[in-house]
file start.tsv (TSV, C-alpha atoms)
chain	number	residue	atom	x	y	z
A	98	MET	CA	-2.48	-31.06	5.73
A	99	ASP	CA	-6.11	-31.09	6.87
A	100	ALA	CA	-8.01	-33.28	4.39
A	101	ARG	CA	-10.98	-30.92	4.66
A	102	VAL	CA	-8.98	-28.14	2.98
A	103	VAL	CA	-8.58	-30.09	-0.26
A	104	ALA	CA	-12.36	-30.54	-0.36
A	105	TRP	CA	-12.88	-26.78	-0.50
A	106	PRO	CA	-14.26	-25.33	-3.77
A	107	PHE	CA	-10.90	-23.64	-4.46
A	108	PHE	CA	-9.69	-26.99	-5.86
A	109	ASP	CA	-10.77	-29.12	-8.79
A	110	ALA	CA	-10.54	-32.90	-9.26
A	111	GLU	CA	-7.07	-32.66	-10.81
A	112	HIS	CA	-5.70	-30.83	-7.77
A	113	ARG	CA	-7.22	-33.39	-5.41
A	114	GLU	CA	-5.85	-36.34	-7.38
A	115	GLN	CA	-2.37	-34.83	-7.76
A	116	PHE	CA	-2.24	-33.84	-4.11
A	117	ALA	CA	-3.27	-37.35	-2.98
A	118	ARG	CA	-0.41	-38.81	-5.03
A	119	PHE	CA	2.03	-36.26	-3.64
A	120	GLN	CA	1.01	-36.89	-0.06
A	121	ALA	CA	1.31	-40.66	-0.53
A	122	TRP	CA	4.78	-40.18	-2.03
A	123	LEU	CA	5.86	-37.84	0.77
A	124	ASP	CA	4.72	-40.30	3.44
A	125	ARG	CA	7.09	-42.90	1.96
A	126	GLN	CA	10.17	-40.67	1.98
A	127	SER	CA	13.02	-41.02	4.46
A	128	VAL	CA	15.34	-38.23	3.29
A	129	PRO	CA	18.22	-37.81	5.77
A	130	GLU	CA	18.56	-34.34	7.30
A	131	ASP	CA	21.29	-32.73	9.36
A	132	GLU	CA	20.91	-29.22	10.80
A	133	SER	CA	24.69	-28.92	10.80
A	134	ASP	CA	24.71	-29.49	7.03
A	135	PRO	CA	21.70	-27.65	5.57
A	136	GLU	CA	23.30	-27.53	2.12
A	137	GLY	CA	23.57	-31.31	2.01
A	138	SER	CA	20.00	-31.66	3.27
A	139	VAL	CA	18.66	-29.34	0.58
A	140	ARG	CA	20.57	-31.23	-2.12
A	141	ALA	CA	19.06	-34.48	-0.81
A	142	TRP	CA	15.52	-33.08	-0.93
A	143	VAL	CA	16.00	-31.60	-4.41
A	144	SER	CA	17.18	-35.00	-5.61
A	145	ALA	CA	14.23	-36.79	-3.98
A	146	LEU	CA	11.66	-34.33	-5.33
A	147	ALA	CA	13.17	-34.55	-8.80
A	148	SER	CA	13.14	-38.37	-8.71
A	149	GLY	CA	9.45	-38.26	-7.85
A	150	GLY	CA	8.75	-35.88	-10.73
A	151	TRP	CA	7.51	-33.19	-8.34
A	152	LEU	CA	9.83	-30.39	-9.43
A	153	ASP	CA	7.75	-30.07	-12.61
A	154	ALA	CA	5.35	-28.03	-10.47
A	155	CYS	CA	8.06	-25.41	-9.99
A	156	THR	CA	7.91	-24.45	-13.67
A	157	LYS	CA	4.17	-24.93	-14.28
A	158	LEU	CA	3.24	-22.29	-11.67
A	159	ASP	CA	-0.17	-23.67	-10.72
A	160	VAL	CA	-0.27	-21.59	-7.54
A	161	ARG	CA	-2.85	-23.77	-5.76
A	162	MET	CA	-0.70	-26.84	-6.30
A	163	LEU	CA	2.43	-24.98	-5.20
A	164	CYS	CA	0.62	-23.97	-2.00
A	165	LEU	CA	-0.67	-27.47	-1.30
A	166	MET	CA	2.80	-28.92	-1.76
A	167	ARG	CA	4.54	-26.28	0.33
A	168	GLU	CA	2.05	-26.73	3.17
A	169	SER	CA	2.65	-30.49	3.20
A	170	LEU	CA	6.43	-30.17	2.91
A	171	ALA	CA	6.61	-27.57	5.68
A	172	TYR	CA	4.52	-29.82	7.92
A	173	ARG	CA	7.19	-32.47	7.39
A	174	SER	CA	10.43	-30.43	7.27
A	175	ALA	CA	11.51	-26.81	6.88
A	176	LEU	CA	14.41	-27.86	4.65
A	177	ALA	CA	12.12	-29.94	2.42
A	178	ASP	CA	9.91	-26.90	1.94
A	179	PHE	CA	12.95	-24.68	1.37
A	180	ALA	CA	14.37	-26.99	-1.31
A	181	PHE	CA	11.09	-27.08	-3.22
A	182	ALA	CA	10.30	-23.38	-2.81
A	183	MET	CA	13.66	-22.17	-4.04
A	184	GLN	CA	13.51	-24.31	-7.18
A	185	GLY	CA	10.30	-22.43	-7.94
A	186	LEU	CA	11.25	-18.93	-6.85
A	187	GLY	CA	14.75	-19.22	-8.32
A	188	SER	CA	13.42	-20.17	-11.74
A	189	GLY	CA	10.06	-18.37	-11.63
A	190	ALA	CA	11.27	-15.28	-13.47
A	191	ILE	CA	12.65	-17.51	-16.23
A	192	THR	CA	9.31	-19.31	-16.56
A	193	LEU	CA	7.43	-16.01	-16.70
A	194	PHE	CA	9.75	-13.76	-18.73
A	195	ALA	CA	12.63	-15.58	-20.45
A	196	ALA	CA	13.03	-16.09	-24.17
A	197	ASP	CA	12.52	-19.65	-25.36
A	198	ALA	CA	16.25	-20.28	-25.64
A	199	LEU	CA	16.80	-19.45	-21.97
A	200	LYS	CA	13.82	-21.55	-20.91
A	201	GLU	CA	15.18	-24.52	-22.86
A	202	ARG	CA	18.61	-24.06	-21.32
A	203	TYR	CA	17.61	-23.76	-17.65
A	204	LEU	CA	14.15	-25.15	-16.91
A	205	PRO	CA	14.81	-28.82	-17.77
A	206	ASN	CA	17.70	-28.75	-15.28
A	207	VAL	CA	15.42	-27.25	-12.63
A	208	ARG	CA	12.90	-30.05	-13.14
A	209	SER	CA	15.55	-32.78	-13.13
A	210	GLY	CA	17.26	-31.37	-10.05
A	211	SER	CA	20.59	-31.20	-11.87
A	212	ALA	CA	20.68	-27.44	-11.25
A	213	ILE	CA	19.70	-25.75	-8.00
A	214	ALA	CA	18.09	-22.34	-8.55
A	215	ALA	CA	18.43	-19.06	-6.64
A	216	PHE	CA	16.77	-15.63	-6.62
A	217	ALA	CA	19.27	-12.81	-5.98
A	218	LEU	CA	17.35	-9.65	-5.13
A	219	SER	CA	18.24	-8.51	-1.58
A	220	GLU	CA	21.11	-6.19	-0.66
A	221	ARG	CA	22.19	-4.77	2.68
A	222	GLU	CA	20.42	-1.48	1.99
A	223	ALA	CA	17.75	-2.82	-0.35
A	224	GLY	CA	15.55	-5.63	0.84
A	225	SER	CA	11.88	-4.70	0.85
A	226	ASP	CA	12.76	-1.43	-0.95
A	227	VAL	CA	13.59	-3.04	-4.28
A	228	ALA	CA	13.94	0.31	-6.05
A	229	ALA	CA	17.01	1.07	-3.89
A	230	LEU	CA	19.15	-1.67	-5.48
A	231	ALA	CA	22.75	-0.61	-6.04
A	232	THR	CA	24.32	-3.61	-7.80
A	233	SER	CA	25.05	-2.35	-11.30
A	234	ALA	CA	25.11	-3.89	-14.77
A	235	LYS	CA	26.77	-1.77	-17.44
A	236	ARG	CA	26.42	-2.50	-21.13
A	237	ASP	CA	29.65	-3.42	-22.89
A	238	GLY	CA	29.07	-4.45	-26.49
A	239	ASP	CA	27.07	-7.67	-26.60
A	240	ALA	CA	27.39	-8.18	-22.83
A	241	TYR	CA	26.80	-6.55	-19.46
A	242	VAL	CA	29.36	-6.23	-16.68
A	243	ILE	CA	27.95	-6.68	-13.17
A	244	ASP	CA	29.49	-5.22	-10.02
A	245	GLY	CA	28.12	-5.18	-6.49
A	246	GLU	CA	26.94	-7.38	-3.67
A	247	LYS	CA	23.82	-9.36	-2.84
A	248	THR	CA	23.14	-10.77	0.61
A	249	TRP	CA	20.67	-13.04	2.44
A	250	ILE	CA	20.55	-15.07	-0.77
A	251	SER	CA	19.03	-18.52	-0.36
A	252	ASN	CA	21.06	-21.35	-1.93
A	253	ALA	CA	23.97	-18.92	-2.38
A	254	GLY	CA	26.68	-21.57	-2.06
A	255	ILE	CA	24.97	-24.44	-3.88
A	256	ALA	CA	23.01	-22.87	-6.74
A	257	GLY	CA	23.90	-23.62	-10.32
A	258	PHE	CA	22.52	-20.28	-11.48
A	259	PHE	CA	21.05	-17.07	-10.09
A	260	VAL	CA	18.37	-14.71	-11.33
A	261	VAL	CA	20.13	-11.45	-10.45
A	262	PHE	CA	18.46	-8.04	-10.24
A	263	THR	CA	20.70	-5.09	-11.06
A	264	ARG	CA	20.63	-1.40	-11.81
A	265	THR	CA	21.16	-0.55	-15.49
A	266	SER	CA	20.20	3.14	-15.22
A	267	GLU	CA	19.46	5.74	-12.56
A	268	ALA	CA	15.73	5.86	-13.34
A	269	GLY	CA	14.60	4.52	-9.95
A	270	SER	CA	12.46	1.41	-10.16
A	271	LYS	CA	12.44	1.78	-13.96
A	272	GLY	CA	16.21	1.49	-14.04
A	273	LEU	CA	16.37	-2.15	-12.93
A	274	SER	CA	17.06	-5.20	-15.10
A	275	ALA	CA	17.26	-8.94	-14.46
A	276	PHE	CA	19.83	-11.47	-15.70
A	277	VAL	CA	20.39	-15.20	-15.42
A	278	VAL	CA	23.95	-15.67	-14.17
A	279	ASP	CA	25.66	-19.05	-13.99
A	280	ALA	CA	27.37	-19.72	-10.66
A	281	ALA	CA	30.65	-20.58	-12.39
A	282	THR	CA	30.90	-17.19	-14.16
A	283	PRO	CA	34.32	-15.60	-13.50
A	284	GLY	CA	34.19	-12.79	-10.94
A	285	LEU	CA	31.22	-14.21	-9.02
A	286	ASP	CA	32.06	-15.22	-5.44
A	287	ALA	CA	29.48	-17.13	-3.39
A	288	SER	CA	31.78	-18.35	-0.63
A	289	VAL	CA	30.42	-16.28	2.29
A	290	ARG	CA	27.83	-18.15	4.36
A	291	ILE	CA	25.27	-16.67	6.77
A	292	GLU	CA	24.12	-18.67	9.80
A	293	THR	CA	20.54	-18.25	11.03
A	294	ILE	CA	18.45	-19.54	13.95
A	295	SER	CA	16.82	-22.07	11.64
A	296	PRO	CA	19.65	-23.48	9.51
A	297	HIS	CA	19.28	-22.78	5.79
A	298	PRO	CA	21.78	-22.46	2.91
A	299	LEU	CA	22.08	-18.68	3.01
A	300	GLY	CA	24.94	-16.45	1.91
A	301	THR	CA	26.38	-13.40	0.22
A	302	LEU	CA	27.22	-12.97	-3.47
A	303	THR	CA	29.97	-10.63	-4.61
A	304	PHE	CA	30.17	-9.53	-8.27
A	305	ARG	CA	33.47	-8.13	-9.50
A	306	GLY	CA	33.46	-7.47	-13.22
A	307	VAL	CA	31.12	-10.38	-13.90
A	308	ARG	CA	30.56	-10.45	-17.65
A	309	VAL	CA	27.17	-11.78	-18.74
A	310	PRO	CA	25.96	-12.03	-22.37
A	311	ALA	CA	23.10	-9.70	-23.22
A	312	ALA	CA	21.12	-12.78	-24.25
A	313	GLN	CA	20.99	-13.72	-20.52
A	314	ARG	CA	18.83	-10.68	-19.78
A	315	LEU	CA	15.18	-11.36	-18.96
A	316	ALA	CA	12.72	-9.26	-20.99
A	317	GLY	CA	13.85	-5.71	-21.76
A	318	GLU	CA	16.33	-3.40	-20.12
A	319	GLY	CA	14.49	-1.60	-17.32
A	320	ASP	CA	11.96	-4.40	-16.80
A	321	GLY	CA	13.63	-5.72	-13.65
A	322	PHE	CA	11.20	-4.22	-11.14
A	323	LYS	CA	8.23	-5.58	-13.07
A	324	ILE	CA	9.87	-9.01	-13.22
A	325	ALA	CA	10.62	-9.05	-9.48
A	326	MET	CA	7.10	-7.97	-8.50
A	327	ALA	CA	5.39	-10.41	-10.86
A	328	THR	CA	7.52	-13.29	-9.57
A	329	LEU	CA	6.83	-12.40	-5.94
A	330	ASP	CA	3.14	-12.05	-6.83
A	331	VAL	CA	3.12	-15.77	-7.64
A	332	PHE	CA	5.25	-17.02	-4.77
A	333	ARG	CA	4.20	-14.75	-1.89
A	334	SER	CA	1.02	-16.78	-1.36
A	335	THR	CA	3.12	-19.92	-1.11
A	336	VAL	CA	5.06	-18.41	1.82
A	337	GLY	CA	1.73	-18.24	3.62
A	338	ALA	CA	1.18	-21.89	2.73
A	339	ALA	CA	4.54	-22.85	4.25
A	340	ALA	CA	3.63	-20.94	7.41
A	341	LEU	CA	0.36	-22.84	7.44
A	342	GLY	CA	2.27	-26.14	7.30
A	343	PHE	CA	4.45	-25.18	10.27
A	344	ALA	CA	1.41	-23.99	12.20
A	345	ARG	CA	-0.66	-27.08	11.48
A	346	ARG	CA	2.18	-29.32	12.70
A	347	ALA	CA	2.47	-27.27	15.92
A	348	TYR	CA	-1.30	-27.49	16.37
A	349	ASP	CA	-1.36	-31.27	15.91
A	350	GLU	CA	1.58	-31.79	18.27
A	351	THR	CA	-0.07	-29.57	20.87
A	352	ARG	CA	-3.46	-31.29	20.72
A	353	ALA	CA	-1.79	-34.66	21.29
A	354	HIS	CA	0.30	-33.26	24.14
A	355	VAL	CA	-2.52	-31.59	26.09
A	356	ARG	CA	-4.59	-34.77	25.95
A	357	GLU	CA	-1.76	-36.83	27.43
A	358	ARG	CA	-0.13	-34.36	29.86
A	359	ARG	CA	-1.78	-34.43	33.29
A	360	LEU	CA	-1.94	-31.48	35.64
A	361	PHE	CA	-3.71	-31.37	39.01
A	362	GLY	CA	-5.07	-34.85	38.43
A	363	ALA	CA	-6.64	-34.16	35.03
A	364	PRO	CA	-5.51	-33.83	31.42
A	365	LEU	CA	-4.07	-30.42	30.56
A	366	ALA	CA	-6.79	-30.25	27.90
A	367	ALA	CA	-9.44	-30.07	30.65
A	368	LEU	CA	-8.31	-26.59	31.71
A	369	GLN	CA	-10.35	-23.76	30.23
A	370	MET	CA	-7.22	-21.70	29.56
A	371	THR	CA	-5.81	-24.58	27.50
A	372	GLN	CA	-9.06	-24.87	25.60
A	373	ALA	CA	-9.00	-21.13	24.86
A	374	SER	CA	-5.50	-21.50	23.39
A	375	ILE	CA	-6.55	-24.46	21.25
A	376	ALA	CA	-9.57	-22.48	20.02
A	377	ASP	CA	-7.37	-19.53	19.06
A	378	MET	CA	-5.00	-21.86	17.21
A	379	ALA	CA	-7.84	-23.53	15.29
A	380	LEU	CA	-9.31	-20.16	14.35
A	381	ASP	CA	-5.95	-18.85	13.11
A	382	LEU	CA	-5.42	-22.01	11.05
A	383	ASP	CA	-8.72	-21.80	9.22
A	384	ALA	CA	-8.44	-18.05	8.62
A	385	SER	CA	-4.91	-18.50	7.26
A	386	ALA	CA	-5.93	-21.33	4.96
A	387	LEU	CA	-8.86	-19.37	3.56
A	388	LEU	CA	-6.66	-16.35	2.78
A	389	VAL	CA	-3.84	-18.44	1.29
A	390	TYR	CA	-6.02	-20.54	-0.99
A	391	ARG	CA	-8.21	-17.59	-1.99
A	392	ALA	CA	-5.08	-15.79	-3.22
A	393	ALA	CA	-3.84	-18.89	-5.02
A	394	TRP	CA	-7.23	-19.53	-6.65
A	395	THR	CA	-7.52	-15.89	-7.73
A	396	LYS	CA	-4.13	-16.05	-9.47
A	397	ASP	CA	-4.88	-19.39	-11.13
A	398	GLU	CA	-8.20	-18.03	-12.39
A	399	GLY	CA	-6.27	-15.57	-14.55
A	400	ALA	CA	-5.91	-12.41	-12.49
A	401	ALA	CA	-3.01	-10.37	-13.85
A	402	ARG	CA	-1.98	-9.30	-10.36
A	403	VAL	CA	-2.98	-10.55	-6.92
A	404	THR	CA	-0.75	-8.19	-4.96
A	405	ARG	CA	-3.43	-7.35	-2.39
A	406	GLU	CA	-4.65	-10.91	-1.93
A	407	ALA	CA	-1.13	-12.34	-1.75
A	408	ALA	CA	-0.04	-9.67	0.75
A	409	MET	CA	-3.00	-10.48	2.99
A	410	ALA	CA	-2.31	-14.20	2.77
A	411	LYS	CA	1.38	-13.83	3.50
A	412	LEU	CA	0.88	-11.34	6.33
A	413	TYR	CA	-1.88	-13.14	8.16
A	414	ALA	CA	-0.60	-16.69	7.74
A	415	THR	CA	2.95	-15.93	8.85
A	416	GLU	CA	1.89	-13.85	11.86
A	417	ALA	CA	-0.72	-16.45	12.82
A	418	ALA	CA	1.83	-19.26	12.51
A	419	ALA	CA	4.14	-17.38	14.87
A	420	ARG	CA	1.30	-17.09	17.40
A	421	ILE	CA	0.43	-20.77	17.05
A	422	CYS	CA	4.02	-21.95	17.46
A	423	ASP	CA	4.45	-19.67	20.46
A	424	ARG	CA	1.32	-21.10	22.11
A	425	ALA	CA	2.58	-24.60	21.36
A	426	VAL	CA	5.87	-23.91	23.13
A	427	GLN	CA	3.99	-22.43	26.09
A	428	LEU	CA	1.69	-25.43	26.45
A	429	PHE	CA	4.63	-27.83	26.23
A	430	GLY	CA	6.29	-26.02	29.13
A	431	GLY	CA	9.93	-26.93	29.71
A	432	ARG	CA	9.83	-29.43	26.87
A	433	GLY	CA	8.84	-26.61	24.52
A	434	VAL	CA	12.21	-24.88	24.82
A	435	THR	CA	14.26	-28.08	24.81
A	436	ARG	CA	16.51	-28.52	21.79
A	437	GLY	CA	15.28	-31.43	19.68
A	438	GLU	CA	11.58	-31.09	20.48
A	439	ILE	CA	9.40	-30.61	17.40
A	440	VAL	CA	7.71	-27.46	18.70
A	441	GLU	CA	11.10	-25.92	19.59
A	442	ARG	CA	12.24	-26.46	16.00
A	443	LEU	CA	8.99	-25.06	14.61
A	444	TYR	CA	9.33	-21.97	16.80
A	445	ARG	CA	12.69	-21.28	15.12
A	446	ASP	CA	11.60	-22.33	11.65
A	447	VAL	CA	8.63	-20.00	11.44
A	448	ARG	CA	10.40	-16.80	12.47
A	449	ALA	CA	12.06	-15.93	9.15
A	450	LEU	CA	8.77	-16.21	7.22
A	451	ARG	CA	7.61	-12.92	8.77
A	452	ILE	CA	10.61	-11.21	7.11
A	453	TYR	CA	11.54	-12.73	3.75
A	454	GLU	CA	9.71	-11.97	0.49
A	455	GLY	CA	8.50	-8.76	2.11
A	456	ALA	CA	8.35	-8.24	5.88
A	457	SER	CA	4.98	-8.05	7.63
A	458	GLU	CA	5.25	-4.28	7.88
A	459	ILE	CA	5.72	-4.03	4.11
A	460	GLN	CA	2.67	-6.23	3.52
A	461	LYS	CA	0.61	-3.79	5.61
A	462	ILE	CA	1.77	-0.93	3.41
A	463	VAL	CA	0.83	-2.91	0.28
A	464	ILE	CA	-2.62	-3.72	1.67
A	465	ALA	CA	-3.24	-0.16	2.82
A	466	ARG	CA	-2.28	1.31	-0.55
A	467	ALA	CA	-4.61	-1.11	-2.32
A	468	ALA	CA	-7.43	-0.32	0.09
A	469	LEU	CA	-6.99	3.43	-0.35
A	470	GLU	CA	-6.90	3.11	-4.14
A	471	GLU	CA	-10.17	1.17	-4.02
A	472	ALA	CA	-11.74	3.93	-1.94
call {"tool": "encode", "arguments": {"input": "start.tsv", "output": "structure tokens"}}
result
Amino acid sequence: MDARVVAWPFFDAEHREQFARFQAWLDRQSVPEDESDPEGSVRAWVSALASGGWLDACTKLDVRMLCLMRESLAYRSALADFAFAMQGLGSGAITLFAADALKERYLPNVRSGSAIAAFALSEREAGSDVAALATSAKRDGDAYVIDGEKTWISNAGIAGFFVVFTRTSEAGSKGLSAFVVDAATPGLDASVRIETISPHPLGTLTFRGVRVPAAQRLAGEGDGFKIAMATLDVFRSTVGAAALGFARRAYDETRAHVRERRLFGAPLAALQMTQASIADMALDLDASALLVYRAAWTKDEGAARVTREAAMAKLYATEAAARICDRAVQLFGGRGVTRGEIVERLYRDVRALRIYEGASEIQKIVIARAALEEA
């Protein structure tokens, strides 16, 4: 995290004080990680964050603080960021829409780390097109029976509960509803894992006659699309913040490298082409940070929706981070593609951010629609 960012007018004294404490805490942590065991690594980070009291932020939904924390965690470790982000995203709909009884049942466990949260929206034929969801929930007395499949679900195999989006009628986007489903509910299978280029706990959920009490529904029947969009509205900016953390780490590693690496009798940094790359990286970093923290500030200031601002932040920051990490690999040369090098890991880590919570192409559609409506 660049200390200059926290001095920007987007933040007040409370943010600066809380962030300073968080950064000091993070600097003291030595959480063991193992790419071959991402589930264990996420559990370890959830436990550490809970012990430090930092998971409280996941249920308070101060978007600026969420962004500051995700940027710092991503700078340190993709799995640290993932663990924190999913506690927030997985419980965000409960914080925003649940009845008090559901909040009292689930949110204390999110804050204590005793329950890992998950957000079950995506399906094979319905990722960015939320209205195309096929997983069904049919009313049966005082319960609903869920059937279908969700895939690319973060924390699928380790979550204690899922916020699951289903179809309760054929009324398009108005026919969706959301439920909190405990992982141990009979008929729910979370055993299928999905391996990705940057290891994360990812998997498929299968629902076969999963019976869920009607009291586990969030808001009203048919409110699922609204719940999904409002939750993503909060957390989409934080994806940009995570991308910013990856990018800033790649930038710092690259600046140190080009000063030390010698080529043709001079530091690599002396070459004009290197300087042009560093300038592009610096420009992308500042532009990303401004968009991310503008969106976060706008939401915290009370805006009902920040769909346009969040889409811009997510789109620009993730695409810029990919450019920055790519330049870092290029300037590191052979070391840049060597397994175990920091920039090699960052190159893999950043790729998924351009896809999840709405691919870059979808963000462009969102921005264009907003721009045309304004016109």
call {"tool": "residues_around", "arguments": {"input": "start.tsv", "residues": "A:Leu176", "least_positions_apart": "3", "cutoff": "7 Å", "atoms": "all atoms listed in the file", "output": "list in words"}}
result
Ser138, Val139, Phe179 and Ala180 of chain A
call {"tool": "residues_around", "arguments": {"input": "start.tsv", "residues": "stretch 188-193 of chain A", "least_positions_apart": "6", "cutoff": "7 Å", "atoms": "only C-alpha atoms", "output": "list in words"}}
result
Thr156, Lys200, Ala214, Ile324 and Thr328 of chain A
call {"tool": "residues_around", "arguments": {"input": "start.tsv", "residues": "stretch 101-118 of chain A", "least_positions_apart": "5", "cutoff": "12 Å", "atoms": "only C-alpha atoms", "output": "JSON, numbers by chain"}}
result
{"A": [123, 124, 125, 149, 150, 151, 154, 159, 160, 161, 162, 163, 164, 165, 166, 167, 168, 169, 170, 338, 341, 345, 382, 383, 384, 385, 386, 387, 388, 389, 390, 391, 392, 393, 394, 395, 396, 397, 398]}
call {"tool": "closest_residue", "arguments": {"input": "start.tsv", "among": "A:Gly319, A:Gly185, A:Gly257, A:Gly224", "to": "A:Gly455", "atoms": "all atoms listed in the file"}}
result
A:Gly224
call {"tool": "atom_distance", "arguments": {"input": "start.tsv", "atom1": "atom CA of A:Ala147", "atom2": "atom CA of A:Tyr203"}}
result
14.6 Å
call {"tool": "atom_distance", "arguments": {"input": "start.tsv", "atom1": "atom CA of A:Asp197", "atom2": "atom CA of A:Gly272"}}
result
24.3 Å
call {"tool": "closest_residue", "arguments": {"input": "start.tsv", "among": "A:Ala240, A:Ala223, A:Val440, A:Trp142", "to": "A:Ala311", "atoms": "all atoms listed in the file"}}
result
A:Ala240
call {"tool": "atom_distance", "arguments": {"input": "start.tsv", "atom1": "atom CA of A:Ala182", "atom2": "atom CA of A:Val227"}}
result
20.7 Å
call {"tool": "closest_residue", "arguments": {"input": "start.tsv", "among": "A:Ala379, A:Ala268, A:Val309, A:Ile255", "to": "A:Lys235", "atoms": "all atoms listed in the file"}}
result
A:Val309
